[in-house]
$ cat start.cif   # mmCIF, C-alpha atoms
data_data
loop_
_atom_site.label_atom_id
_atom_site.label_comp_id
_atom_site.auth_asym_id
_atom_site.auth_seq_id
_atom_site.Cartn_x
_atom_site.Cartn_y
_atom_site.Cartn_z
CA MET A 1 39.20 -24.74 37.46
CA LYS A 2 38.41 -26.51 34.20
CA VAL A 3 34.73 -26.41 35.05
CA ALA A 4 34.85 -22.69 35.82
CA LEU A 5 36.62 -22.02 32.50
CA LEU A 6 34.03 -24.06 30.64
CA VAL A 7 31.24 -22.07 32.24
CA ILE A 8 32.89 -18.76 31.30
CA VAL A 9 33.39 -19.93 27.71
CA SER A 10 29.76 -21.03 27.54
CA VAL A 11 28.55 -17.69 28.89
CA LEU A 12 30.68 -15.82 26.35
CA ALA A 13 29.31 -18.00 23.58
CA LEU A 14 25.76 -17.22 24.68
CA VAL A 15 26.45 -13.48 24.86
CA CYS A 16 27.84 -13.55 21.33
CA ALA A 17 24.87 -15.56 20.08
CA GLY A 18 22.57 -12.98 21.70
CA CYS A 19 24.12 -10.03 19.87
CA GLY A 20 24.03 -11.80 16.54
CA GLY A 21 27.71 -12.63 16.25
CA ASP A 22 30.18 -10.85 14.00
CA GLY A 23 32.06 -13.50 12.12
CA GLY A 24 29.23 -15.76 11.01
CA GLU A 25 27.79 -15.83 7.53
CA SER A 26 24.91 -13.35 7.21
CA SER A 27 21.62 -14.83 6.05
CA VAL A 28 20.44 -11.45 4.72
CA THR A 29 20.77 -11.52 0.95
CA PRO A 30 21.03 -8.47 -1.35
CA THR A 31 17.46 -9.27 -2.45
CA ASP A 32 16.29 -9.10 1.18
CA GLU A 33 18.01 -5.75 1.63
CA TRP A 34 16.46 -4.46 -1.58
CA ALA A 35 12.99 -5.58 -0.43
CA GLU A 36 13.41 -3.86 2.96
CA GLY A 37 14.50 -0.63 1.31
CA TYR A 38 11.73 -0.81 -1.28
CA CYS A 39 8.95 -1.23 1.30
CA ALA A 40 10.45 1.28 3.74
CA ALA A 41 10.48 3.95 1.01
CA ILE A 42 6.86 3.21 0.10
CA VAL A 43 5.71 3.16 3.75
CA ASP A 44 7.20 6.63 4.33
CA TRP A 45 5.66 7.93 1.11
CA LEU A 46 2.19 6.59 1.97
CA ALA A 47 2.29 8.10 5.47
CA GLU A 48 3.12 11.53 4.02
CA LEU A 49 0.61 11.16 1.24
CA ARG A 50 -2.16 10.17 3.61
CA GLN A 51 -1.56 13.22 5.80
CA ALA A 52 -1.43 15.62 2.88
CA THR A 53 -4.51 14.23 1.13
CA ASP A 54 -6.44 14.32 4.42
CA VAL A 55 -5.78 18.08 4.42
CA LEU A 56 -6.79 18.45 0.77
CA ARG A 57 -10.06 16.58 1.34
CA ASP A 58 -11.33 19.65 3.20
CA TYR A 59 -10.52 21.81 0.19
CA ARG A 60 -13.70 23.89 0.54
CA SER A 61 -12.44 25.45 3.76
CA LEU A 62 -8.75 25.29 2.96
CA SER A 63 -6.53 28.35 3.26
CA LEU A 64 -4.04 29.11 0.52
CA GLU A 65 -1.18 28.40 2.95
CA ALA A 66 -2.59 25.00 3.98
CA PHE A 67 -3.17 24.09 0.34
CA ASP A 68 0.35 25.12 -0.60
CA GLN A 69 1.82 23.15 2.33
CA ALA A 70 -0.16 19.98 1.50
CA SER A 71 0.82 20.20 -2.19
CA THR A 72 4.45 20.77 -1.24
CA ASP A 73 4.31 17.75 1.08
CA ILE A 74 2.94 15.54 -1.72
CA ARG A 75 5.65 16.72 -4.09
CA SER A 76 8.54 16.38 -1.68
CA ALA A 77 7.33 12.97 -0.44
CA THR A 78 7.04 11.70 -4.01
CA GLU A 79 10.43 13.15 -4.94
CA ALA A 80 11.93 11.41 -1.91
CA LEU A 81 10.26 8.15 -2.92
CA THR A 82 11.58 8.23 -6.48
CA ALA A 83 15.08 9.15 -5.23
CA GLU A 84 15.07 6.38 -2.63
CA LEU A 85 13.79 3.76 -5.07
CA ARG A 86 16.40 4.78 -7.64
CA GLY A 87 19.08 4.70 -4.96
CA LEU A 88 18.31 1.13 -3.93
CA GLU A 89 21.17 -1.18 -4.64
CA ALA A 90 19.60 -3.85 -6.82
CA PRO A 91 20.95 -7.40 -6.49
CA ASP A 92 23.71 -8.03 -9.03
CA THR A 93 21.65 -10.53 -10.97
CA ASP A 94 19.45 -10.55 -14.05
CA LEU A 95 16.41 -10.27 -11.78
CA GLY A 96 18.00 -7.37 -9.92
CA GLU A 97 18.61 -5.50 -13.17
CA LYS A 98 15.03 -6.06 -14.30
CA ALA A 99 13.74 -4.86 -10.91
CA ARG A 100 15.88 -1.75 -11.21
CA GLN A 101 14.37 -1.02 -14.63
CA VAL A 102 10.81 -1.54 -13.37
CA VAL A 103 11.39 0.84 -10.46
CA ASP A 104 13.04 3.38 -12.76
CA THR A 105 10.03 3.31 -15.11
CA PHE A 106 7.75 4.06 -12.18
CA ALA A 107 10.00 6.88 -10.93
CA THR A 108 10.04 8.50 -14.38
CA ALA A 109 6.24 8.31 -14.66
CA ALA A 110 5.77 9.70 -11.14
CA GLU A 111 8.11 12.60 -11.88
CA ALA A 112 6.05 13.53 -14.95
CA ASP A 113 2.92 13.58 -12.80
CA LEU A 114 4.68 15.74 -10.23
CA ALA A 115 5.08 18.38 -12.91
CA ASP A 116 1.27 18.42 -13.25
CA ILE A 117 0.90 18.95 -9.50
CA GLU A 118 3.39 21.79 -9.63
CA ARG A 119 1.44 23.40 -12.47
CA ALA A 120 -1.84 23.08 -10.53
CA VAL A 121 -0.30 24.87 -7.55
CA GLU A 122 1.10 27.65 -9.71
CA GLU A 123 -2.33 28.16 -11.27
CA VAL A 124 -3.85 28.71 -7.84
CA PHE A 125 -1.37 31.51 -7.24
CA GLY A 126 -2.39 32.81 -10.66
CA GLY A 127 -6.06 32.98 -9.64
CA THR A 128 -7.50 29.48 -10.28
CA SER A 129 -9.71 28.19 -7.45
CA ILE A 130 -8.29 25.71 -4.95
CA SER A 131 -11.08 23.22 -5.75
CA ASN A 132 -10.04 23.14 -9.43
CA ALA A 133 -6.44 22.63 -8.40
CA VAL A 134 -7.40 19.79 -6.05
CA VAL A 135 -9.18 18.09 -8.96
CA SER A 136 -5.98 18.41 -11.04
CA ILE A 137 -3.85 17.10 -8.18
CA THR A 138 -6.25 14.17 -7.73
CA ALA A 139 -5.90 13.36 -11.44
CA ALA A 140 -2.10 13.45 -11.15
CA LEU A 141 -2.18 11.21 -8.08
CA THR A 142 -4.50 8.81 -9.92
CA SER A 143 -1.90 8.59 -12.66
CA ILE A 144 0.84 7.94 -10.06
CA ARG A 145 -1.37 5.26 -8.53
CA ARG A 146 -1.69 3.52 -11.92
CA ALA A 147 2.07 3.62 -12.45
CA TYR A 148 2.54 2.24 -8.93
CA THR A 149 0.16 -0.67 -9.57
CA THR A 150 1.95 -1.37 -12.86
CA MET A 151 5.28 -1.42 -11.00
CA PHE A 152 3.90 -3.94 -8.53
CA ASP A 153 2.46 -6.17 -11.27
CA SER A 154 5.69 -5.94 -13.28
CA LEU A 155 7.78 -6.98 -10.28
CA ARG A 156 5.62 -10.08 -10.03
CA LYS A 157 5.91 -10.87 -13.75
CA ILE A 158 9.72 -10.65 -13.87
CA ASP A 159 9.99 -12.99 -10.90
CA PRO A 160 8.80 -16.48 -11.91
CA GLU A 161 10.82 -18.08 -9.09
CA ASN A 162 9.14 -15.78 -6.55
CA GLU A 163 12.51 -14.64 -5.23
CA LEU A 164 11.51 -10.99 -4.92
CA GLN A 165 7.99 -11.85 -3.78
CA THR A 166 9.34 -14.02 -0.98
CA ALA A 167 11.77 -11.29 0.09
CA LEU A 168 8.95 -8.74 0.06
CA GLY A 169 6.74 -11.09 2.05
CA ASP A 170 9.49 -11.57 4.65
CA ALA A 171 10.59 -7.93 4.92
CA GLU A 172 9.48 -6.31 8.18
CA SER A 173 8.88 -2.93 6.56
CA CYS A 174 6.47 -4.56 4.08
CA ASP A 175 4.13 -5.52 6.94
CA GLN A 176 3.21 -1.87 7.28
CA LEU A 177 1.79 -1.85 3.76
CA ILE A 178 -1.21 -3.90 4.85
CA GLY A 179 -3.22 -1.13 6.52
CA GLY A 180 -5.93 0.93 4.84
CA MET B 1 -24.94 -0.39 7.86
CA SER B 2 -26.38 -2.83 10.39
CA ARG B 3 -28.67 -0.07 11.70
CA GLY B 4 -29.89 0.64 8.17
CA TRP B 5 -30.51 -3.01 7.31
CA ARG B 6 -34.24 -3.60 6.65
CA GLY B 7 -34.07 -6.75 4.54
CA SER B 8 -35.08 -10.22 5.57
CA ALA B 9 -32.38 -12.73 6.28
CA GLY B 10 -32.13 -16.08 8.00
CA ASN B 11 -29.00 -14.99 9.78
CA VAL B 12 -27.28 -11.63 10.10
CA LEU B 13 -23.65 -11.80 11.22
CA LEU B 14 -22.07 -8.54 12.31
CA ASP B 15 -18.31 -8.08 11.96
CA ASP B 16 -17.57 -5.50 14.61
CA ALA B 17 -13.88 -6.36 14.94
CA SER B 18 -12.63 -5.15 11.56
CA ARG B 19 -11.50 -1.55 11.22
CA THR B 20 -10.47 -1.53 7.57
CA THR B 21 -11.91 -2.74 4.27
CA TYR B 22 -9.10 -5.28 4.12
CA GLY B 23 -9.97 -6.68 7.56
CA ASN B 24 -13.63 -6.69 6.65
CA VAL B 25 -13.21 -8.70 3.43
CA ARG B 26 -10.87 -11.19 5.12
CA ALA B 27 -13.50 -11.81 7.82
CA ALA B 28 -16.31 -12.05 5.25
CA ALA B 29 -14.35 -14.53 3.11
CA THR B 30 -13.67 -16.69 6.18
CA VAL B 31 -17.39 -16.78 7.05
CA ALA B 32 -18.27 -17.56 3.42
CA ARG B 33 -15.83 -20.49 3.47
CA GLU B 34 -17.22 -21.79 6.76
CA LEU B 35 -20.76 -21.64 5.37
CA SER B 36 -19.65 -23.12 2.01
CA ALA B 37 -21.39 -20.16 0.38
CA ARG B 38 -22.10 -20.64 -3.31
CA GLU B 39 -22.72 -16.97 -4.01
CA ILE B 40 -21.49 -13.73 -2.45
CA VAL B 41 -23.18 -10.38 -3.03
CA LEU B 42 -21.21 -7.37 -1.90
CA VAL B 43 -23.35 -4.34 -1.00
CA THR B 44 -21.48 -1.09 -0.50
CA SER B 45 -21.14 2.56 -1.51
CA GLY B 46 -20.45 3.30 -5.15
CA TRP B 47 -17.12 5.03 -4.45
CA HIS B 48 -15.92 2.13 -2.32
CA ALA B 49 -17.23 -0.71 -4.48
CA ARG B 50 -14.33 -1.31 -6.86
CA ARG B 51 -11.68 -1.60 -4.18
CA ALA B 52 -13.90 -3.67 -1.86
CA SER B 53 -14.81 -6.15 -4.62
CA ARG B 54 -11.18 -6.42 -5.77
CA LEU B 55 -10.11 -7.33 -2.24
CA LEU B 56 -13.05 -9.64 -1.56
CA GLU B 57 -12.43 -11.56 -4.79
CA ALA B 58 -8.79 -11.98 -3.80
CA ALA B 59 -9.74 -13.24 -0.33
CA HIS B 60 -12.59 -15.44 -1.55
CA GLY B 61 -10.91 -16.76 -4.67
CA ASP B 62 -13.91 -16.34 -6.95
CA ARG B 63 -16.05 -13.64 -8.51
CA VAL B 64 -18.48 -11.80 -6.25
CA LEU B 65 -21.67 -10.06 -7.29
CA LEU B 66 -21.62 -6.35 -6.67
CA ALA B 67 -24.58 -4.20 -5.59
CA ALA B 68 -23.29 -0.65 -5.26
CA THR B 69 -25.22 2.48 -4.35
CA GLY B 70 -25.33 5.23 -6.93
CA GLU B 71 -23.66 7.93 -4.86
CA CYS B 72 -21.66 10.49 -6.77
CA TRP B 73 -17.94 10.59 -6.23
CA THR B 74 -16.86 13.68 -4.38
CA THR B 75 -13.31 14.90 -4.74
CA GLY B 76 -12.79 14.17 -1.03
CA ALA B 77 -13.96 10.55 -1.42
CA ARG B 78 -11.79 10.18 -4.52
CA LEU B 79 -8.72 11.38 -2.64
CA ARG B 80 -9.44 9.03 0.25
CA GLU B 81 -9.88 6.06 -2.06
CA LEU B 82 -6.82 7.01 -4.04
CA VAL B 83 -4.50 6.57 -1.06
CA CYS B 84 -6.31 3.39 0.03
CA TRP B 85 -5.75 1.94 -3.47
CA LEU B 86 -2.02 2.22 -2.93
CA PHE B 87 -2.28 -0.50 -0.29
CA VAL B 88 -4.27 -2.81 -2.55
CA PRO B 89 -1.42 -4.63 -4.40
CA VAL B 90 0.05 -5.88 -1.11
CA GLN B 91 -3.36 -6.58 0.40
CA VAL B 92 -4.41 -8.63 -2.65
CA ALA B 93 -1.22 -10.69 -2.46
CA LEU B 94 -1.75 -11.33 1.25
CA ALA B 95 -5.45 -12.10 0.85
CA ARG B 96 -4.65 -14.66 -1.86
CA ARG B 97 -2.03 -16.26 0.34
CA SER B 98 -4.43 -16.51 3.29
CA ARG B 99 -7.10 -18.51 1.41
#

$ encode --input "start.cif" --output "structure tokens"
Amino acid sequence: MKVALLVIVSVLALVCAGCGGDGGESSVTPTDEWAEGYCAAIVDWLAELRQATDVLRDYRSLSLEAFDQASTDIRSATEALTAELRGLEAPDTDLGEKARQVVDTFATAAEADLADIERAVEEVFGGTSISNAVVSITAALTSIRRAYTTMFDSLRKIDPENELQTALGDAESCDQLIGG
Amino acid sequence: MSRGWRGSAGNVLLDDASRTTYGNVRAAATVARELSAREIVLVTSGWHARRASRLLEAAHGDRVLLAATGECWTTGARLRELVCWLFVPVQVALARRSR
């Protein structure tokens, strides 16, 4: 009987270990969670952006509806990105606060560039050619790209202990940022 | 590119496994290390050159010489490159780590 009980206890212990347990100390830190959220937001944004810019690349044969849809997709994807980045719960540390500021600076810059995209779309409905608007949208996206690179560089500079960099390197969602 | 190659070379190695610029530069940097290459010259299209050299320098760990064609940037190529550049910060970090 004792042996049978021991076996049952062992099996239960294995089942609990398999589902991750519920009372043990979690090894996921707030920094890890922030890194996962950060990369996941960027991965979604890049997927949307890639689709929309693929459409815009054929701007010579683009219908007004397709142009409007692609521009709307860029705007809504970028708005979602800035909202998600701002909504990330930064670790309650000095580094976390600095990271929050860096992300906020990027979001503010991206929002200003979104206004340029919006203007370019309105001008098309006012009679400007789609090709001119695509050039304006490309310029706005170039500006967003610069702000994005600055955000990345800044996150490295504020992190001499490589805490964020390690979390970003370990985050599963960050793996998807390699392609391209 | 291999079909267009008319130059003389002791050895031409073709990387037919890579599907992205990032994969291509990683493979090229590995070959350069294996050959103990003292100099790397990157030959590519003008619109692609900046990103390719940035990635290759990160993977190789040293400056590379750049020989770019003088093609004009089209808006389509600019848009394509623009999105690809958004991957570069992560790719550079990974390429540096893989040296």

$ residues_around --input "start.cif" --residues "A:Glu36" --least-positions-apart "4" --cutoff "9 Å" --atoms "only C-alpha atoms" --output "list in words"
Thr31, Asp32, Ala40, Ala41, Ala167, Leu168, Asp170, Ala171, Glu172, Ser173 and Cys174 of chain A

$ interface_residues --input "start.cif" --of "chain B" --to "chain A" --cutoff "10 Å" --atoms "only C-alpha atoms" --output "PyMOL selection string"
chain B and resi 19-23+74-94

$ resolve_selection --input "start.cif" --expression "the PyMOL selection byres ((chain A and resi 68) around 12)" --output "PyMOL selection string"
chain A and resi 52+55-56+59+62-67+69-75+117-118+120-125+130+133-134+137

$ atom_distance --input "start.cif" --atom1 "atom CA of A:Asp116" --atom2 "atom CA of A:Asn132"
12.8 Å

$ atom_distance --input "start.cif" --atom1 "atom CA of A:Leu88" --atom2 "atom CA of A:Gln101"
11.6 Å

$ residues_near_point --input "start.cif" --point "(-21.6, -7.7, 2.3)" --cutoff "12 Å" --atoms "all atoms listed in the file" --output "PyMOL selection string"
chain B and resi 1-2+5+12-15+21+24-29+31-32+39-45+49+52-53+56+64-68

$ atom_distance --input "start.cif" --atom1 "atom CA of A:Leu114" --atom2 "atom CA of A:Trp45"
13.8 Å

$ axis_aligned_box --input "start.cif" --around "stretch 131-135 of chain A" --padding-each-side "8 Å" --output "JSON"
{"center_x": -8.8, "center_y": 20.7, "center_z": -7.6, "size_x": 20.6, "size_y": 21.1, "size_z": 19.7}

$ closest_residue --input "start.cif" --among "B:Ala59, B:Cys72, B:Ala17, B:Leu35" --to "B:Trp47" --atoms "all atoms listed in the file"
B:Cys72

$ residues_near_point --input "start.cif" --point "(6.7, 7.8, -10.0)" --cutoff "10 Å" --atoms "all atoms listed in the file" --output "CSV table (one decimal) with C-alpha atoms, in the frame of the given file"
chain,number,residue,atom,x,y,z
A,78,THR,CA,7.0,11.7,-4.0
A,79,GLU,CA,10.4,13.2,-4.9
A,81,LEU,CA,10.3,8.2,-2.9
A,82,THR,CA,11.6,8.2,-6.5
A,83,ALA,CA,15.1,9.2,-5.2
A,85,LEU,CA,13.8,3.8,-5.1
A,103,VAL,CA,11.4,0.8,-10.5
A,104,ASP,CA,13.0,3.4,-12.8
A,105,THR,CA,10.0,3.3,-15.1
A,106,PHE,CA,7.8,4.1,-12.2
A,107,ALA,CA,10.0,6.9,-10.9
A,108,THR,CA,10.0,8.5,-14.4
A,109,ALA,CA,6.2,8.3,-14.7
A,110,ALA,CA,5.8,9.7,-11.1
A,111,GLU,CA,8.1,12.6,-11.9
A,112,ALA,CA,6.0,13.5,-15.0
A,113,ASP,CA,2.9,13.6,-12.8
A,114,LEU,CA,4.7,15.7,-10.2
A,141,LEU,CA,-2.2,11.2,-8.1
A,143,SER,CA,-1.9,8.6,-12.7
A,144,ILE,CA,0.8,7.9,-10.1
A,145,ARG,CA,-1.4,5.3,-8.5
A,146,ARG,CA,-1.7,3.5,-11.9
A,147,ALA,CA,2.1,3.6,-12.4
A,148,TYR,CA,2.5,2.2,-8.9
A,151,MET,CA,5.3,-1.4,-11.0
